[in-house]
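protein-v5.cif, holding mmCIF, C-alpha atoms:
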data_coords
loop_
_atom_site.label_atom_id
_atom_site.label_comp_id
_atom_site.auth_asym_id
_atom_site.auth_seq_id
_atom_site.Cartn_x
_atom_site.Cartn_y
_atom_site.Cartn_z
CA MET A 1 86.76 129.98 140.56
CA SER A 2 90.17 130.19 138.88
CA ARG A 3 92.78 132.63 140.08
CA ALA A 4 95.13 134.61 137.87
CA LEU A 5 98.70 133.41 138.08
CA PRO A 6 101.17 135.69 139.82
CA LYS A 7 103.45 137.55 137.42
CA TYR A 8 106.56 135.59 138.31
CA ASN A 9 104.73 132.31 137.63
CA LYS A 10 103.72 133.55 134.20
CA ARG A 11 107.31 134.36 133.38
CA ARG A 12 108.34 130.90 134.51
CA VAL A 13 105.68 129.24 132.37
CA LEU A 14 106.82 131.27 129.37
CA MET A 15 110.46 130.26 129.92
CA ILE A 16 109.58 126.56 130.09
CA GLY A 17 107.33 126.84 127.07
CA GLY A 18 110.08 128.63 125.14
CA THR A 19 112.51 125.84 125.89
CA ALA A 20 110.02 123.21 124.77
CA ALA A 21 109.50 125.15 121.55
CA VAL A 22 113.21 125.03 120.81
CA VAL A 23 113.25 121.27 121.23
CA LEU A 24 110.11 120.72 119.17
CA SER A 25 111.32 123.02 116.38
CA GLY A 26 114.21 120.67 115.57
CA ALA A 27 116.81 123.33 116.26
CA VAL A 28 119.07 120.76 117.89
CA ILE A 29 121.36 119.30 115.23
CA ALA A 30 122.82 115.80 114.76
CA GLY A 31 120.80 114.17 117.48
CA ASN A 32 122.21 116.22 120.35
CA ALA A 33 119.16 117.09 122.42
CA LEU A 34 119.12 120.40 124.24
CA ALA A 35 116.44 120.62 126.89
CA GLY A 36 115.96 123.05 129.74
CA GLU A 37 114.87 121.45 132.99
CA THR A 38 114.21 123.43 136.13
CA SER A 39 114.58 121.72 139.50
CA LYS A 40 112.45 122.51 142.48
CA SER A 41 115.16 124.81 143.75
CA GLY A 42 115.15 126.71 140.45
CA THR A 43 118.63 125.47 139.39
CA ASN A 44 118.96 124.54 135.73
CA ALA A 45 120.35 121.07 135.03
CA THR A 46 123.64 120.87 133.17
CA THR A 47 123.28 120.27 129.42
CA LYS A 48 125.69 117.93 127.68
CA ALA A 49 126.36 118.02 123.97
CA ALA A 50 127.60 114.76 122.51
CA THR A 51 130.28 115.31 119.89
CA SER A 52 132.61 113.23 117.80
CA PRO A 53 135.74 112.11 119.66
CA GLY A 54 137.95 112.36 116.58
CA THR A 55 140.50 109.81 115.40
CA VAL A 56 144.12 109.06 116.21
CA ASN A 57 146.57 109.89 113.42
CA CYS A 58 150.01 108.23 113.50
CA PRO A 59 152.91 108.35 111.03
CA ALA A 60 153.29 105.25 108.86
CA VAL A 61 156.31 103.18 109.81
CA ALA A 62 156.56 100.62 107.00
CA PRO A 63 157.47 103.13 104.24
CA SER A 64 160.42 104.36 106.31
CA LEU A 65 161.99 100.93 106.75
CA PRO A 66 165.00 99.78 104.73
CA ALA A 67 165.07 96.44 102.91
CA ILE A 68 164.01 93.82 105.43
CA PRO A 69 166.19 90.69 105.70
CA ALA A 70 164.25 87.48 105.18
CA SER A 71 165.26 86.35 108.67
CA ALA A 72 163.59 89.43 110.17
CA GLN A 73 160.46 89.47 108.03
CA ALA A 74 158.13 87.60 110.37
CA GLU A 75 159.08 89.69 113.39
CA VAL A 76 158.84 92.97 111.47
CA THR A 77 155.43 92.05 110.07
CA ARG A 78 154.22 91.01 113.51
CA ASN A 79 155.26 94.36 115.01
CA LEU A 80 153.83 96.38 112.12
CA THR A 81 150.57 94.60 112.84
CA LEU A 82 150.92 95.44 116.53
CA LEU A 83 151.28 99.14 115.63
CA ASP A 84 147.92 98.93 113.85
CA THR A 85 146.37 97.19 116.83
CA GLN A 86 147.64 99.90 119.16
CA ILE A 87 146.04 102.61 117.03
CA ALA A 88 142.80 100.63 116.90
CA GLU A 89 142.75 100.31 120.69
CA ALA A 90 143.44 104.03 121.09
CA ASN A 91 140.56 104.88 118.76
CA LYS A 92 138.25 102.61 120.71
CA ARG A 93 139.29 104.32 123.93
CA LEU A 94 138.54 107.68 122.32
CA VAL A 95 135.02 106.51 121.56
CA ASP A 96 134.51 104.96 125.00
CA THR A 97 135.67 108.04 126.93
CA VAL A 98 133.93 110.89 125.12
CA GLY A 99 133.32 113.70 127.59
CA GLN A 100 135.57 112.29 130.31
CA GLY A 101 138.41 114.19 131.94
CA GLY A 102 139.61 117.72 131.35
CA PRO A 103 141.19 119.39 128.31
CA ASN A 104 144.36 117.28 128.62
CA PHE A 105 142.61 113.94 129.07
CA VAL A 106 143.32 112.61 125.56
CA GLN A 107 146.97 113.62 125.67
CA ASN A 108 147.58 112.15 129.11
CA ALA A 109 145.38 109.05 128.98
CA ILE A 110 145.50 108.05 125.31
CA LEU A 111 148.11 109.75 123.12
CA GLY A 112 150.91 109.61 125.71
CA PRO A 113 150.55 105.88 126.48
CA LEU A 114 150.15 105.18 122.77
CA LYS A 115 153.44 106.91 122.04
CA ASP A 116 155.22 104.80 124.69
CA LYS A 117 153.84 101.59 123.17
CA ARG A 118 154.85 102.68 119.68
CA VAL A 119 158.40 103.52 120.79
CA ALA A 120 158.83 100.01 122.20
CA THR A 121 157.32 98.36 119.11
CA ILE A 122 159.33 100.43 116.64
CA ASN A 123 162.51 99.64 118.57
CA ARG A 124 161.75 95.92 118.25
CA ILE A 125 161.41 96.38 114.49
CA ALA A 126 164.76 98.17 114.28
CA THR A 127 166.41 95.52 116.47
CA ALA A 128 165.05 92.69 114.33
CA ILE A 129 166.46 94.27 111.17
CA GLY A 130 169.74 95.09 112.90
CA ARG A 131 170.49 91.46 113.70
CA THR A 132 171.46 90.71 110.10
CA ALA A 133 171.66 94.15 108.45
CA ALA A 134 172.32 97.77 109.31
CA LYS A 135 170.00 98.78 112.13
CA PRO A 136 167.75 101.65 111.02
CA THR A 137 167.97 104.83 113.10
CA GLY A 138 165.66 107.77 113.68
CA LEU A 139 162.49 105.69 113.66
CA ASP A 140 161.53 106.93 117.13
CA SER A 141 160.41 110.17 115.47
CA LEU A 142 157.48 108.18 114.07
CA ALA A 143 156.16 107.26 117.52
CA PRO A 144 154.14 110.37 118.49
CA CYS A 145 150.57 110.53 117.21
CA THR A 146 148.08 113.38 117.03
CA LEU A 147 144.32 113.66 117.34
CA ASN A 148 142.27 114.55 114.32
CA ALA A 149 139.71 116.14 116.56
CA ASN A 150 136.16 117.33 116.15
CA GLY A 151 135.02 116.72 119.69
CA VAL A 152 135.29 117.62 123.32
CA ASN A 153 138.53 115.78 123.99
CA ALA A 154 141.56 117.87 123.05
CA GLY A 155 144.88 116.48 121.95
CA GLY A 156 146.15 118.41 118.97
CA GLY A 157 145.71 117.79 115.27
CA ALA A 158 143.48 119.04 112.52
CA ALA A 159 139.72 118.80 112.65
CA THR A 160 138.04 115.91 110.87
CA ALA A 161 134.57 114.56 110.88
CA ALA A 162 134.40 111.11 112.34
CA PRO A 163 135.80 108.66 114.84
CA SER A 164 137.41 105.54 113.64
CA ALA A 165 136.24 102.50 115.34
CA THR A 166 138.40 100.61 113.74
CA ALA A 167 139.23 96.49 112.96
CA THR A 168 141.00 93.50 114.19
CA GLN A 169 142.99 91.23 111.96
CA GLN A 170 145.18 88.62 113.55
CA ALA A 171 148.93 88.86 112.93
CA GLY A 172 149.11 90.95 109.86
CA ASN A 173 146.27 93.25 109.01
CA THR A 174 144.68 95.11 111.88
CA GLY A 175 142.54 98.09 112.38
CA ASN A 176 140.40 98.84 115.38
CA THR A 177 139.78 96.35 118.14
CA GLY A 178 137.23 95.67 120.79
CA ASN A 179 134.15 97.65 119.81
CA THR A 180 130.84 95.86 120.04
CA GLY A 181 127.76 96.52 118.03
CA ALA A 182 124.80 95.20 116.11
CA THR A 183 125.52 92.97 113.14
CA GLY A 184 124.07 94.35 109.94
CA ASN A 185 123.80 97.95 111.12
CA THR A 186 120.04 97.62 111.09
CA GLY A 187 119.26 101.15 112.14
CA SER A 188 119.76 100.96 115.88
CA THR A 189 122.02 103.45 117.64
CA THR A 190 124.28 100.80 119.14
CA ALA A 191 128.05 100.78 118.72
CA ALA A 192 129.25 100.09 115.21
CA GLY A 193 131.10 96.85 115.84
CA THR A 194 134.46 95.88 114.35
CA ILE A 195 135.59 94.22 111.16
CA THR A 196 137.70 91.09 111.40
CA CYS A 197 139.68 89.82 108.41
CA PRO A 198 141.77 86.66 107.94
CA ASP A 199 145.50 87.10 108.43
CA VAL A 200 147.45 87.24 105.18
CA ALA A 201 151.06 87.62 106.34
CA SER A 202 151.14 84.30 108.18
CA LYS A 203 149.88 82.45 105.10
CA LEU A 204 152.65 83.67 102.79
CA PRO A 205 155.62 81.52 101.79
CA ALA A 206 159.19 82.76 102.10
CA ILE A 207 159.30 86.17 100.44
CA PRO A 208 162.11 86.76 97.91
CA ALA A 209 164.22 89.82 98.72
CA SER A 210 163.26 91.33 95.37
CA ALA A 211 159.58 91.19 96.33
CA GLN A 212 159.94 92.29 99.94
CA ALA A 213 159.22 95.99 99.50
CA GLU A 214 156.12 95.38 97.39
CA VAL A 215 154.78 92.71 99.72
CA THR A 216 155.28 94.93 102.77
CA ARG A 217 153.62 97.84 101.00
CA ASN A 218 150.57 95.75 100.14
CA LEU A 219 150.33 94.22 103.63
CA THR A 220 150.26 97.78 104.95
CA LEU A 221 147.55 98.62 102.41
CA LEU A 222 145.44 95.73 103.72
CA ASN A 223 145.65 97.33 107.16
CA THR A 224 144.65 100.70 105.75
CA GLN A 225 141.65 99.18 103.98
CA ILE A 226 140.37 97.65 107.22
CA THR A 227 140.86 100.91 109.08
CA GLU A 228 138.94 102.81 106.40
CA ALA A 229 136.14 100.24 106.51
CA ASN A 230 135.89 100.57 110.29
CA THR A 231 135.78 104.34 109.99
CA ARG A 232 132.91 104.03 107.51
CA LEU A 233 131.24 101.57 109.87
CA ALA A 234 131.37 104.10 112.69
CA ASN A 235 130.23 106.96 110.46
CA THR A 236 127.15 105.14 109.16
CA VAL A 237 125.66 103.68 112.33
CA GLY A 238 121.89 103.64 111.90
CA GLN A 239 121.94 104.06 108.13
CA GLY A 240 120.44 101.65 105.62
CA GLY A 241 118.63 98.39 106.14
CA PRO A 242 119.72 95.00 107.47
CA ASN A 243 122.06 94.41 104.51
CA PHE A 244 123.68 97.84 104.53
CA VAL A 245 126.99 96.77 106.10
CA GLN A 246 127.37 93.78 103.79
CA ASN A 247 126.54 95.72 100.63
CA ALA A 248 128.19 99.05 101.38
CA ILE A 249 131.19 98.07 103.51
CA LEU A 250 132.09 94.37 103.67
CA GLY A 251 131.49 93.70 99.97
CA PRO A 252 133.66 96.57 98.68
CA LEU A 253 136.30 95.69 101.29
CA ALA A 254 136.48 92.09 99.99
CA ASP A 255 136.99 93.40 96.44
CA LYS A 256 139.81 95.71 97.55
CA ARG A 257 141.48 92.97 99.55
CA LYS A 258 141.29 90.51 96.66
CA SER A 259 143.12 92.96 94.38
CA THR A 260 145.75 93.68 97.01
CA ILE A 261 146.29 90.00 97.82
CA ASP A 262 146.62 89.24 94.11
CA ARG A 263 149.37 91.85 93.86
CA ILE A 264 151.20 90.19 96.74
CA ALA A 265 151.00 86.78 95.05
CA ILE A 266 152.14 88.20 91.70
CA SER A 267 155.13 89.98 93.24
CA ILE A 268 156.28 86.76 94.93
CA GLY A 269 155.63 84.78 91.76
CA ARG A 270 158.05 86.86 89.71
CA THR A 271 161.07 85.15 91.27
CA ALA A 272 159.57 82.19 93.17
CA ALA A 273 156.58 79.90 93.12
CA LYS A 274 153.43 82.00 93.07
CA PRO A 275 151.30 81.25 96.15
CA THR A 276 147.77 80.02 95.45
CA GLY A 277 144.54 79.99 97.41
CA LEU A 278 145.11 83.39 98.99
CA ASP A 279 141.83 84.74 97.60
CA SER A 280 140.04 82.85 100.36
CA LEU A 281 141.51 85.40 102.79
CA ALA A 282 139.77 88.35 101.14
CA THR A 283 136.38 88.02 102.86
CA CYS A 284 135.92 89.76 106.23
CA THR A 285 133.19 89.59 108.86
CA LEU A 286 131.55 91.96 111.31
CA ASN A 287 132.06 91.28 115.01
CA LYS A 288 129.35 92.22 117.44
#
Please go through the file and, once you have read it, give me the structure as structure tokens.
Amino acid sequence: MSRALPKYNKRRVLMIGGTAAVVLSGAVIAGNALAGETSKSGTNATTKAATSPGTVNCPAVAPSLPAIPASAQAEVTRNLTLLDTQIAEANKRLVDTVGQGGPNFVQNAILGPLKDKRVATINRIATAIGRTAAKPTGLDSLAPCTLNANGVNAGGGAATAAPSATATQQAGNTGNTGNTGATGNTGSTTAAGTITCPDVASKLPAIPASAQAEVTRNLTLLNTQITEANTRLANTVGQGGPNFVQNAILGPLADKRKSTIDRIAISIGRTAAKPTGLDSLATCTLNK
């Protein structure tokens, strides 16, 4: 013979049922599950909401540089590339440490060290130029970065929607480094991966002084294109079929890079022999 539940047990059953109803109703948005779980002692388990970590936003250095002596070009390009790599690594760390630390975690563990690295790199750029021309001053003001944040880690900056996971390109065109993921973005919820592109700067001939500014500007644009592609990669994890990344990200990136590389070759060709065969550097791949 069944017994009626005590009143307090009924209330408890109703509470648990209410929580289940919230979950089943789809009230939790963007895949962040909210579930109430009561332990034997009656203590509710802590609920975590996964949010976007945001992206690191740093001032561009290349546009603030004076004319670069030919003797300093390789070193300047190498350090501009290193600045991109540093941002990429910081963005990866943002993704890897979501929810860690207190309110100052990003500032202390990511933005602060990134600033120190950028100061050293920017100083090397200024020193390289200063060996054969006037050394640029005031570039240290470009070292601090901010967080475009929409997540739990705080670090300053305006709110934006998505983390950059951003791209590796050896010695000239870098974005984010080190993320691993599933090739093809086939719909799994694994990490997005990173885009790797052939280095352009190291394949260029001597750059005429008259073409230097335009070449530097377009090398910087190649970096930006990779960073944007990595951001899109991170924002679209799980979307599309097995060919989504190739059709929606890598293909358009190759087209953009081809146009940019062509502009580099044309600018050199105005006053020197136009380099050929650079189009082979336009195609990028996805690293797992």
Using all atoms listed in the file, can you tell me which of A:Leu286, A:Leu142, A:Val106, A:Ile68 comes closest to Glu214 of chain A?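 Result for the nearest residue to Glu214 of chain A: A:Ile68.
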Using all atoms listed in the file, which of the listed residues (A:Leu281, A:Ala201, A:Ala211, A:Ala234) sits closest to Gly269 of chain A? A:Ala211
Pick out the closest residue to Val237 of chain A from this set: A:Val56, A:Ile249, A:Ile264, A:Ala213. Count all atoms listed in the file.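 Residue with the minimum atom-to-atom distance to Val237 of chain A: A:Ile249.
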Quote the spacing between atom CA of Asp84 of chain A and atom CA of Thr127 of chain A in Å to one decimal place.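 A separation of 19.0 Å between them.
Residues selected in this file by the PyMOL selection byres ((chain A and resi 285) around 6) comprise Ile195, Thr196, Cys284 and Leu286 of chain A.
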Can you list, as an mmCIF file with C-alpha atoms, in the coordinates of the input, every protein, DNA or RNA residue that comes within 10 Å of Thr97 of chain A when you count only C-alpha atoms, leaving out same-chain residues fewer than 4 positions away?
data_model
loop_
_atom_site.group_PDB
_atom_site.id
_atom_site.type_symbol
_atom_site.label_atom_id
_atom_site.label_comp_id
_atom_site.auth_asym_id
_atom_site.auth_seq_id
_atom_site.Cartn_x
_atom_site.Cartn_y
_atom_site.Cartn_z
ATOM 1 C CA PRO A 53 135.740 112.110 119.660
ATOM 2 C CA LYS A 92 138.250 102.610 120.710
ATOM 3 C CA ARG A 93 139.290 104.320 123.930
ATOM 4 C CA GLY A 101 138.410 114.190 131.940
ATOM 5 C CA PHE A 105 142.610 113.940 129.070
ATOM 6 C CA VAL A 106 143.320 112.610 125.560
ATOM 7 C CA ALA A 109 145.380 109.050 128.980
ATOM 8 C CA ILE A 110 145.500 108.050 125.310
ATOM 9 C CA ASN A 153 138.530 115.780 123.990
#
Which residue out of A:Thr85, A:Ser141, A:Gln225, A:Asn57 has the minimum interatomic distance to Thr260 of chain A when only C-alpha atoms are used? A:Gln225
Using all atoms listed in the file for the distances, tell me which of A:Ile261, A:Asn108, A:Cys145, A:Ala88 is nearest to Ile226 of chain A.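 Counting all atoms listed in the file, the residue closest to Ile226 of chain A is A:Ala88.
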What residues come out when you apply the PyMOL selection byres ((chain A and resi 280) around 10) to this file, written as a PyMOL selection string? chain A and resi 198+200+254+258+261+276-279+281-284
Atom CA of Ala120 of chain A to atom CA of Val215 of chain A, straight-line distance in Å: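 These two atoms are separated by 24.0 Å.
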How many Å separate atom CA of Leu253 of chain A from atom CA of Leu222 of chain A?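 Between atom CA of Leu253 of chain A and atom CA of Leu222 of chain A the gap works out to 9.5 Å.
Run against this file, the PyMOL selection byres ((chain A and resi 210) around 9) gives back Ile207, Pro208, Ala209, Ala211, Gln212, Ala213, Glu214, Ser267, Ile268, Arg270 and Thr271 of chain A.
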